[in-house]
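Here is the file start.csv (CSV, C-alpha atoms).
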chain,number,residue,atom,x,y,z
A,1,MET,CA,101.3,121.3,88.8
A,2,ALA,CA,99.1,124.0,87.4
A,3,GLU,CA,97.0,125.9,90.0
A,4,LYS,CA,93.5,124.6,90.1
A,5,ARG,CA,90.6,127.1,89.6
A,6,ASP,CA,88.1,127.6,92.4
A,7,PHE,CA,85.3,125.0,92.0
A,8,TYR,CA,82.6,127.7,92.5
A,9,GLU,CA,84.2,129.8,89.8
A,10,VAL,CA,84.3,126.8,87.5
A,11,LEU,CA,80.5,126.4,87.8
A,12,GLY,CA,79.9,130.1,87.8
A,13,ILE,CA,78.1,130.2,91.2
A,14,SER,CA,78.7,131.8,94.6
A,15,LYS,CA,80.0,130.0,97.6
A,16,GLY,CA,76.6,130.1,99.3
A,17,ALA,CA,74.8,128.4,96.4
A,18,SER,CA,72.1,125.9,97.3
A,19,GLU,CA,72.0,122.3,96.1
A,20,ASP,CA,69.5,123.1,93.4
A,21,GLU,CA,71.6,126.1,92.2
A,22,ILE,CA,74.7,123.8,92.0
A,23,LYS,CA,72.7,121.2,89.9
A,24,LYS,CA,71.3,123.9,87.7
A,25,ALA,CA,74.7,125.4,87.1
A,26,TYR,CA,76.2,122.0,86.4
A,27,ARG,CA,73.5,121.2,83.8
A,28,ALA,CA,74.2,124.6,82.1
A,29,CYS,CA,77.9,123.8,81.9
A,30,VAL,CA,77.2,120.3,80.5
A,31,LYS,CA,75.1,121.9,77.7
A,32,LYS,CA,77.9,124.3,77.0
A,33,TYR,CA,81.0,122.1,77.0
A,34,HIS,CA,79.7,118.5,76.4
A,35,PRO,CA,82.0,116.7,74.0
A,36,ASP,CA,79.1,115.5,71.9
A,37,LEU,CA,78.4,119.2,71.0
A,38,HIS,CA,82.1,119.9,70.3
A,39,PRO,CA,83.7,116.8,68.7
A,40,ASP,CA,87.5,117.0,68.6
A,41,ASP,CA,87.6,120.2,70.6
A,42,LYS,CA,90.3,119.5,73.2
A,43,GLU,CA,89.6,122.8,75.1
A,44,CYS,CA,85.9,121.9,75.6
A,45,GLU,CA,87.0,118.4,76.7
A,46,GLU,CA,89.3,119.8,79.3
A,47,LYS,CA,86.7,122.3,80.5
A,48,MET,CA,84.2,119.4,80.8
A,49,LYS,CA,86.7,117.5,83.0
A,50,GLU,CA,87.1,120.6,85.1
A,51,VAL,CA,83.3,120.9,85.4
A,52,ASN,CA,82.8,117.2,86.4
A,53,GLU,CA,85.5,117.5,89.1
A,54,ALA,CA,83.9,120.6,90.5
A,55,TYR,CA,80.4,119.1,90.6
A,56,GLU,CA,81.7,115.8,92.1
A,57,ILE,CA,83.0,117.9,95.1
A,58,LEU,CA,80.3,120.5,95.5
A,59,SER,CA,77.4,118.0,95.1
A,60,ASP,CA,78.7,115.8,98.0
A,61,PRO,CA,77.9,117.5,101.3
A,62,ASP,CA,81.0,115.9,103.0
A,63,LYS,CA,83.5,116.9,100.3
A,64,LYS,CA,81.9,120.3,100.0
A,65,SER,CA,82.3,121.0,103.7
A,66,ARG,CA,86.0,120.0,103.6
A,67,TYR,CA,86.5,122.1,100.4
A,68,ASP,CA,84.8,125.2,102.0
A,69,GLN,CA,87.1,124.9,105.0
A,70,PHE,CA,90.4,123.9,103.5
A,71,GLY,CA,90.2,124.5,99.8
A,72,HIS,CA,91.6,122.0,97.3
A,73,ALA,CA,93.9,120.5,100.0
A,74,GLY,CA,90.8,119.3,101.9
A,75,VAL,CA,89.6,117.1,99.0
A,76,ASP,CA,92.7,116.2,97.0
A,77,PRO,CA,95.5,114.4,98.9
A,78,SER,CA,97.9,115.0,96.0
A,79,TYR,CA,97.3,118.7,95.9
A,80,GLY,CA,100.6,120.7,96.5
A,81,GLY,CA,101.0,123.5,99.0
A,82,ALA,CA,99.4,124.3,102.3
A,83,GLY,CA,95.9,124.8,100.9
A,84,GLY,CA,93.5,126.3,103.4
A,85,PHE,CA,95.9,125.8,106.3
A,86,SER,CA,97.9,128.7,107.8
A,87,GLY,CA,101.4,128.8,109.2
A,88,GLY,CA,102.9,126.8,106.3
A,89,ILE,CA,101.7,123.5,107.8
A,90,ASN,CA,101.1,120.9,105.1
A,91,PRO,CA,97.8,119.0,105.5
A,92,ASP,CA,99.7,115.8,104.5
A,93,ASP,CA,101.8,116.2,107.6
A,94,LEU,CA,98.7,116.1,109.8
A,95,GLY,CA,97.7,112.9,108.1
A,96,ASP,CA,101.1,111.4,108.9
A,97,ILE,CA,100.8,112.5,112.5
A,98,PHE,CA,97.4,111.0,112.9
A,99,ASN,CA,98.6,107.8,111.3
A,100,SER,CA,101.5,107.6,113.7
A,101,PHE,CA,99.6,108.3,116.9
A,102,PHE,CA,96.2,106.8,116.1
A,103,GLY,CA,96.7,104.4,113.2
A,104,GLY,CA,94.1,106.2,111.2
A,105,SER,CA,94.2,108.6,108.2
A,106,GLY,CA,93.1,111.7,110.1
A,107,PHE,CA,90.2,113.9,109.3
A,108,GLY,CA,88.1,111.0,107.9
A,109,GLY,CA,90.9,109.9,105.5
A,110,GLY,CA,90.7,113.2,103.5
A,111,PHE,CA,94.5,113.8,103.9
A,112,SER,CA,96.0,110.4,103.5
A,113,SER,CA,99.3,110.6,101.6
A,114,ARG,CA,99.4,106.8,101.1
A,115,SER,CA,96.7,106.5,98.4
A,116,ASN,CA,97.9,104.1,95.8
A,117,PRO,CA,97.8,105.6,92.3
A,118,ASN,CA,98.1,102.1,90.9
A,119,ALA,CA,95.0,100.9,92.7
A,120,PRO,CA,91.9,100.3,90.6
A,121,ARG,CA,90.0,103.5,90.0
A,122,ARG,CA,86.4,103.8,88.8
A,123,GLY,CA,85.9,105.7,85.6
A,124,GLN,CA,84.2,109.1,85.6
A,125,ASP,CA,80.5,109.4,84.9
A,126,ILE,CA,79.4,111.2,81.7
A,127,GLN,CA,76.2,113.1,81.0
A,128,THR,CA,74.0,113.7,78.0
A,129,GLU,CA,70.5,114.8,77.4
A,130,VAL,CA,67.6,113.8,75.1
A,131,THR,CA,64.4,115.5,74.1
A,132,ILE,CA,61.2,113.4,73.7
A,133,THR,CA,57.6,114.1,73.0
A,134,PHE,CA,54.8,114.1,75.7
A,135,MET,CA,53.4,110.8,74.3
A,136,GLU,CA,56.8,109.2,74.3
A,137,ALA,CA,57.2,110.1,78.0
A,138,CYS,CA,53.8,108.6,78.8
A,139,LYS,CA,54.4,105.4,76.8
A,140,GLY,CA,58.1,104.8,77.1
A,141,LYS,CA,60.6,104.6,74.3
A,142,SER,CA,63.8,102.7,73.3
A,143,MET,CA,66.3,104.9,71.5
A,144,ASP,CA,70.0,104.9,70.5
A,145,LEU,CA,72.2,107.7,71.8
A,146,LYS,CA,75.5,108.6,70.4
A,147,ILE,CA,78.1,109.5,73.1
A,148,ASN,CA,81.9,110.0,73.4
A,149,ARG,CA,83.6,108.2,76.2
A,150,ALA,CA,87.1,107.5,77.4
A,151,GLU,CA,88.2,103.9,76.8
A,152,GLN,CA,91.4,101.9,77.1
A,153,CYS,CA,93.7,102.5,74.2
A,154,PRO,CA,93.7,99.4,71.9
A,155,ASP,CA,97.2,100.0,70.7
A,156,CYS,CA,99.0,100.1,74.0
A,157,GLY,CA,96.5,98.2,76.2
A,158,GLY,CA,96.2,101.1,78.5
A,159,SER,CA,100.0,101.3,79.4
A,160,GLY,CA,100.6,104.5,77.5
A,161,ALA,CA,103.8,103.0,76.0
A,162,ALA,CA,104.3,102.6,72.3
A,163,PRO,CA,103.6,99.1,71.0
A,164,GLY,CA,106.8,96.9,71.5
A,165,THR,CA,107.9,98.9,74.5
A,166,SER,CA,106.8,99.1,78.1
A,167,PRO,CA,107.0,101.6,81.0
A,168,SER,CA,110.2,101.6,83.0
A,169,ALA,CA,110.9,102.2,86.7
A,170,CYS,CA,110.9,105.8,87.6
A,171,PRO,CA,114.5,107.0,88.2
A,172,GLU,CA,113.5,109.6,90.7
A,173,CYS,CA,111.6,107.4,93.2
A,174,GLY,CA,113.3,104.1,92.2
A,175,GLY,CA,109.9,102.6,91.2
A,176,SER,CA,108.3,103.1,94.7
A,177,GLY,CA,106.0,105.8,93.5
A,178,TYR,CA,106.8,108.0,96.5
A,179,THR,CA,109.4,110.5,97.6
A,180,THR,CA,110.4,111.3,101.2
A,181,THR,CA,110.5,114.9,102.3
A,182,MET,CA,111.1,116.7,105.6
A,183,SER,CA,108.6,119.5,106.5
A,184,ARG,CA,107.6,121.6,109.5
A,185,SER,CA,104.5,120.5,111.5
A,186,LEU,CA,102.8,121.3,114.8
A,187,PHE,CA,105.2,118.9,116.4
A,188,GLY,CA,108.4,120.0,114.8
A,189,MET,CA,110.2,118.5,111.8
A,190,VAL,CA,108.6,115.3,110.4
A,191,SER,CA,109.3,113.1,107.4
A,192,SER,CA,106.5,112.3,105.1
A,193,GLN,CA,106.0,110.4,101.9
A,194,ARG,CA,104.3,111.9,98.9
A,195,PRO,CA,103.5,110.8,95.4
A,196,CYS,CA,106.6,111.2,93.2
A,197,PRO,CA,106.2,114.4,91.1
A,198,ARG,CA,107.9,112.8,88.1
A,199,CYS,CA,105.8,109.6,87.8
A,200,GLY,CA,102.7,110.8,89.6
A,201,GLY,CA,103.0,108.0,92.2
A,202,ARG,CA,102.8,105.2,89.6
A,203,GLY,CA,106.5,104.2,90.0
A,204,LYS,CA,106.8,104.0,86.2
A,205,VAL,CA,107.6,106.4,83.4
A,206,VAL,CA,106.9,106.1,79.7
A,207,SER,CA,110.0,106.8,77.5
A,208,SER,CA,108.2,106.1,74.2
A,209,PRO,CA,104.6,107.3,74.4
A,210,CYS,CA,102.0,105.5,72.4
A,211,SER,CA,101.2,107.7,69.3
A,212,LYS,CA,97.5,106.8,69.4
A,213,CYS,CA,96.8,107.9,73.0
A,214,ARG,CA,99.9,110.2,73.4
A,215,GLY,CA,100.9,108.3,76.5
A,216,SER,CA,97.6,108.7,78.4
A,217,GLY,CA,96.6,105.0,78.0
A,218,ARG,CA,93.0,106.1,77.0
A,219,ILE,CA,91.3,107.5,74.0
A,220,THR,CA,88.0,109.2,73.4
A,221,THR,CA,85.8,106.9,71.4
A,222,PRO,CA,82.3,107.5,69.8
A,223,ARG,CA,79.8,104.9,70.9
A,224,THR,CA,76.1,104.2,70.3
A,225,VAL,CA,74.2,103.2,73.5
A,226,THR,CA,70.6,101.8,73.5
A,227,VAL,CA,68.6,103.5,76.2
A,228,ASN,CA,65.2,102.2,77.3
A,229,ILE,CA,63.2,105.2,78.6
A,230,PRO,CA,60.5,103.9,80.9
A,231,ALA,CA,56.8,104.8,80.6
A,232,GLY,CA,56.0,107.6,83.0
A,233,ILE,CA,59.3,109.5,82.9
A,234,ASP,CA,58.8,113.2,83.5
A,235,ASN,CA,60.5,116.4,82.3
A,236,GLY,CA,63.8,117.1,84.2
A,237,GLN,CA,64.3,113.5,85.5
A,238,THR,CA,67.6,111.7,84.9
A,239,LEU,CA,68.2,108.1,83.9
A,240,GLN,CA,71.3,106.3,85.2
A,241,ILE,CA,72.8,103.7,82.8
A,242,ARG,CA,75.3,101.8,84.8
A,243,GLY,CA,78.7,101.0,83.3
A,244,GLN,CA,78.3,103.1,80.2
A,245,GLY,CA,80.5,106.0,81.3
A,246,ASN,CA,84.3,106.4,81.0
A,247,SER,CA,86.4,103.3,81.5
A,248,GLY,CA,88.1,102.7,84.8
A,249,MET,CA,91.9,102.9,85.4
A,250,ASN,CA,94.0,100.0,86.5
A,251,GLY,CA,91.2,97.5,86.2
A,252,GLY,CA,88.6,99.7,87.9
A,253,ALA,CA,84.9,99.7,87.1
A,254,ASN,CA,83.5,101.9,84.3
A,255,GLY,CA,81.6,105.0,85.3
A,256,ASP,CA,77.9,105.5,84.6
A,257,LEU,CA,76.0,107.4,81.9
A,258,HIS,CA,73.4,110.0,83.1
A,259,VAL,CA,70.7,110.9,80.6
A,260,TYR,CA,68.8,114.1,81.4
A,261,ILE,CA,65.3,114.0,80.0
A,262,ASN,CA,63.6,117.0,78.3
A,263,VAL,CA,59.9,116.5,77.5
A,264,LYS,CA,58.2,118.7,74.9
A,265,GLU,CA,54.9,120.4,75.8
A,266,ASP,CA,51.7,119.0,74.3
A,267,PRO,CA,49.0,121.2,72.8
A,268,ILE,CA,46.2,119.3,74.4
A,269,PHE,CA,47.5,117.5,77.6
A,270,GLU,CA,49.1,119.1,80.6
A,271,ARG,CA,50.8,116.9,83.1
A,272,ASP,CA,50.6,117.2,86.9
A,273,GLY,CA,52.6,114.4,88.4
A,274,TYR,CA,50.9,111.3,87.1
A,275,ASP,CA,47.6,113.0,86.5
A,276,ILE,CA,46.7,114.7,83.2
A,277,ASN,CA,44.6,117.9,82.8
A,278,THR,CA,42.6,118.7,79.6
A,279,GLU,CA,40.3,121.6,78.7
A,280,ILE,CA,37.5,121.0,76.2
A,281,PRO,CA,35.2,123.7,74.8
A,282,ILE,CA,31.5,123.0,74.6
A,283,THR,CA,28.6,125.0,73.1
A,284,TYR,CA,26.0,126.9,75.1
A,285,MET,CA,23.4,124.4,74.0
A,286,GLN,CA,25.5,121.4,75.1
A,287,ALA,CA,25.9,123.0,78.5
A,288,VAL,CA,22.2,123.7,78.9
A,289,LEU,CA,20.7,120.4,77.6
A,290,GLY,CA,23.7,118.1,78.3
A,291,ASP,CA,25.4,116.0,75.7
A,292,GLU,CA,27.8,113.1,75.0
A,293,ILE,CA,31.2,114.6,74.2
A,294,VAL,CA,34.4,113.0,72.9
A,295,VAL,CA,37.4,113.3,75.2
A,296,PRO,CA,40.9,112.8,73.9
A,297,CYS,CA,43.1,110.6,76.2
A,298,ILE,CA,46.7,109.3,75.8
A,299,ASP,CA,45.3,105.9,74.9
A,300,GLY,CA,42.8,107.2,72.3
A,301,LYS,CA,39.3,108.7,72.6
A,302,VAL,CA,36.5,108.1,75.2
A,303,ARG,CA,32.9,109.2,75.3
A,304,TYR,CA,31.6,111.1,78.3
A,305,ASN,CA,28.1,112.3,79.1
A,306,ILE,CA,28.0,115.8,80.5
A,307,PRO,CA,24.8,116.5,82.5
A,308,GLU,CA,22.2,119.1,81.8
A,309,GLY,CA,23.0,122.5,83.2
A,310,THR,CA,26.7,122.1,83.2
A,311,GLN,CA,28.5,125.3,84.2
A,312,SER,CA,31.7,126.6,82.5
A,313,GLY,CA,34.7,125.5,84.4
A,314,THR,CA,33.2,122.3,85.7
A,315,ARG,CA,35.8,119.6,86.2
A,316,PHE,CA,35.2,115.9,85.6
A,317,ARG,CA,37.5,113.0,86.6
A,318,LEU,CA,38.4,110.0,84.4
A,319,LYS,CA,39.8,107.5,86.8
A,320,GLY,CA,42.9,105.6,85.6
A,321,LYS,CA,43.3,107.6,82.4
A,322,GLY,CA,46.4,109.4,83.4
A,323,VAL,CA,50.1,108.5,83.1
A,324,GLN,CA,51.5,105.1,84.1
A,325,LYS,CA,53.6,105.2,87.2
A,326,ILE,CA,57.3,104.3,86.6
A,327,HIS,CA,57.9,100.6,86.8
A,328,ARG,CA,54.4,100.0,88.1
A,329,SER,CA,51.1,99.0,86.5
A,330,ASP,CA,48.8,101.6,88.1
A,331,ARG,CA,48.1,105.0,86.6
A,332,GLY,CA,47.1,108.5,87.5
A,333,ASP,CA,43.8,110.1,86.5
A,334,GLN,CA,42.7,112.5,83.8
A,335,TYR,CA,40.8,115.6,84.7
A,336,VAL,CA,38.6,117.3,82.1
A,337,THR,CA,37.5,120.9,82.5
A,338,VAL,CA,34.7,122.0,80.2
A,339,ILE,CA,34.7,125.6,79.0
A,340,VAL,CA,31.4,127.0,77.7
A,341,GLU,CA,32.0,129.0,74.6
A,342,VAL,CA,29.7,132.0,74.2
A,343,PRO,CA,28.6,132.4,70.5
A,344,LYS,CA,29.7,135.5,68.7
A,345,GLY,CA,28.6,137.3,65.5
A,346,LEU,CA,24.8,136.6,65.9
A,347,ASN,CA,22.5,138.0,63.2
A,348,LYS,CA,19.3,139.9,64.0
A,349,LYS,CA,17.1,136.8,63.8
A,350,GLN,CA,19.3,134.9,66.2
A,351,LYS,CA,19.4,137.8,68.6
A,352,ASP,CA,15.6,138.1,68.6
A,353,LEU,CA,15.2,134.3,69.2
A,354,LEU,CA,17.8,134.5,72.1
A,355,LYS,CA,15.9,137.5,73.6
A,356,GLN,CA,12.6,135.6,73.3
A,357,PHE,CA,14.2,132.6,75.0
A,358,GLU,CA,15.7,134.7,77.8
A,359,SER,CA,12.3,136.4,78.5
A,360,SER,CA,10.8,132.9,79.0
A,361,LEU,CA,13.2,132.1,81.9
A,362,GLY,CA,12.6,132.9,85.5
A,363,GLU,CA,14.7,133.2,88.6
A,364,SER,CA,14.4,129.5,89.3
A,365,ASN,CA,16.5,128.9,86.1
A,366,TYR,CA,19.4,131.0,87.5
A,367,LYS,CA,20.2,129.8,91.0
A,368,SER,CA,23.7,131.2,91.2
A,369,ARG,CA,22.6,134.6,89.9
A,370,LYS,CA,19.7,134.7,92.4
A,371,SER,CA,22.0,133.8,95.3
A,372,PHE,CA,24.6,136.4,94.2
A,373,PHE,CA,22.0,139.3,94.1
A,374,GLU,CA,20.5,138.2,97.5
A,375,LYS,CA,24.0,138.4,99.0
A,376,MET,CA,24.6,141.8,97.4
A,377,LYS,CA,21.3,143.1,98.6
A,378,ASP,CA,22.1,142.1,102.2
A,379,LEU,CA,25.5,143.8,101.9
A,380,LEU,CA,24.0,147.0,100.6
A,381,ASN,CA,21.4,147.1,103.4
A,382,LYS,CA,24.1,146.5,106.0
A,383,ASP,CA,26.1,149.5,104.6
A,384,ILE,CA,23.1,151.8,104.7
A,385,SER,CA,22.2,150.9,108.3
A,386,GLN,CA,25.7,151.8,109.4
For the file at hand, write its structure as structure tokens.
Amino acid sequence: MAEKRDFYEVLGISKGASEDEIKKAYRACVKKYHPDLHPDDKECEEKMKEVNEAYEILSDPDKKSRYDQFGHAGVDPSYGGAGGFSGGINPDDLGDIFNSFFGGSGFGGGFSSRSNPNAPRRGQDIQTEVTITFMEACKGKSMDLKINRAEQCPDCGGSGAAPGTSPSACPECGGSGYTTTMSRSLFGMVSSQRPCPRCGGRGKVVSSPCSKCRGSGRITTPRTVTVNIPAGIDNGQTLQIRGQGNSGMNGGANGDLHVYINVKEDPIFERDGYDINTEIPITYMQAVLGDEIVVPCIDGKVRYNIPEGTQSGTRFRLKGKGVQKIHRSDRGDQYVTVIVEVPKGLNKKQKDLLKQFESSLGESNYKSRKSFFEKMKDLLNKDISQ
């Protein structure tokens, strides 16, 4: 068996990486090695398998803890060697000892040497990502995705043997799938059973491999899957499509398809949870006298009356005009911030009229300005008295 790489090294992270760092590293690896991006590239396919295995362990707190303590031996009962244990003690032996004395599998079942390789095994999950527009995220969208997934070979029916032939009993283990070995343990020499190295514990060997799947029993097949993206989905969220992952082994269930969602930014709308923020420029005259303005919403346009004397930066709320909550009928709100645009490039006549208008105003027309200068005056008087 080839020596497995360290799972942290596979994902390119340190041992103390947080859950978020592990997820981020995994997504980066998916983008780099996903089979959809590298069709017919066996090396990328193998790397993707390695990445999936590493993520499966490090994303599970239980498995991660065992891996951190015992290495590969803590999470893979078929892994050879002493793993993270010292003194040449095989972790499988400890499993046998616990089975003998307590009837259990020892260490929560992590080291059971009796796992049946012919038992039904669930297929691996697969990942892909899609990019949608802001409006598609708000409204929902049905789309077809092209994926590559492992399926049972149609020529051999998953047996791995060439058509017209069938697997035969393994000559090394006699078809049992296990070999008995003697090894040293804490309690002296013990006998233990391990999966047969020749047949991998299946009890069968293939003399004439199927040419289509090369004896693996499965082939990578391109498929088109229809995905219904629900209204209200947000950037960075993941959809789980059950049963659309790799096919199971020995009659096991299929894995799932995980679709990572990227949402493009919108030039007008900015999302905050299920609320929407929008900035709208208004003229100086609209702010002074008030006006009815047109506000863009994700459902179309609405009219809104801004009051007389509206200040730049004032925020208005449009209730129920935000994003629909996922799988619900209620929605967030839309918040509209008005920005007063100061006119530029005035000619002499316009400047004279503006000065004439300004001279007609009194302090009562500038309440904020009056309040500010009163506060400043009090502060200056306080500094002088000190």
Taking (78.1, 117.8, 77.6) in the file's own coordinates, collect the residues within 12 Å, counting all atoms listed in the file, and hand them back as a VMD selection string.
chain A and resid 26 to 39 44 to 49 51 to 52 125 to 130 146 to 149 257 to 260
What is the distance, in Å and to one decimal place, between CA of Tyr55 in chain A and CA of Phe7 in chain A?
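About the pair CA of Tyr55 in chain A and CA of Phe7 in chain A: they are 7.8 Å apart.
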Which residues, protein or nucleic acid, reach to within 12 Å of (97.2, 98.3, 74.8) in the file's coordinates when using only C-alpha atoms, and can you give that as a PDB file with C-alpha atoms, in the coordinates of the input?
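point-v8.pdb was written with the following content:
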ATOM      1  CA  GLU A 151      88.200 103.900  76.800  1.00  0.00           C
ATOM      2  CA  GLN A 152      91.400 101.900  77.100  1.00  0.00           C
ATOM      3  CA  CYS A 153      93.700 102.500  74.200  1.00  0.00           C
ATOM      4  CA  PRO A 154      93.700  99.400  71.900  1.00  0.00           C
ATOM      5  CA  ASP A 155      97.200 100.000  70.700  1.00  0.00           C
ATOM      6  CA  CYS A 156      99.000 100.100  74.000  1.00  0.00           C
ATOM      7  CA  GLY A 157      96.500  98.200  76.200  1.00  0.00           C
ATOM      8  CA  GLY A 158      96.200 101.100  78.500  1.00  0.00           C
ATOM      9  CA  SER A 159     100.000 101.300  79.400  1.00  0.00           C
ATOM     10  CA  GLY A 160     100.600 104.500  77.500  1.00  0.00           C
ATOM     11  CA  ALA A 161     103.800 103.000  76.000  1.00  0.00           C
ATOM     12  CA  ALA A 162     104.300 102.600  72.300  1.00  0.00           C
ATOM     13  CA  PRO A 163     103.600  99.100  71.000  1.00  0.00           C
ATOM     14  CA  GLY A 164     106.800  96.900  71.500  1.00  0.00           C
ATOM     15  CA  THR A 165     107.900  98.900  74.500  1.00  0.00           C
ATOM     16  CA  SER A 166     106.800  99.100  78.100  1.00  0.00           C
ATOM     17  CA  PRO A 209     104.600 107.300  74.400  1.00  0.00           C
ATOM     18  CA  CYS A 210     102.000 105.500  72.400  1.00  0.00           C
ATOM     19  CA  SER A 211     101.200 107.700  69.300  1.00  0.00           C
ATOM     20  CA  LYS A 212      97.500 106.800  69.400  1.00  0.00           C
ATOM     21  CA  CYS A 213      96.800 107.900  73.000  1.00  0.00           C
ATOM     22  CA  GLY A 215     100.900 108.300  76.500  1.00  0.00           C
ATOM     23  CA  SER A 216      97.600 108.700  78.400  1.00  0.00           C
ATOM     24  CA  GLY A 217      96.600 105.000  78.000  1.00  0.00           C
ATOM     25  CA  ARG A 218      93.000 106.100  77.000  1.00  0.00           C
ATOM     26  CA  ILE A 219      91.300 107.500  74.000  1.00  0.00           C
TER      27      ILE A 219
END
Once 8 Å is added on each side, what are the centre and the three edge lengths, in Å to one decimal, of the axis-aligned box enclosing the listed atoms of range 288-305 of chain A? Present them as lines of an AutoDock Vina configuration file.
center_x = 33.7
center_y = 114.8
center_z = 75.7
size_x = 42.0
size_y = 33.8
size_z = 22.8
Can you tell me, as a CSV table (one decimal) with C-alpha atoms, in the frame of the given file, what residues are no more than 7 Å from Met143 in chain A when counting all atoms listed in the file, ignoring any on the same chain fewer than 4 positions away?
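See out_7.csv below for the written result:
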chain,number,residue,atom,x,y,z
A,226,THR,CA,70.6,101.8,73.5
A,227,VAL,CA,68.6,103.5,76.2
A,228,ASN,CA,65.2,102.2,77.3
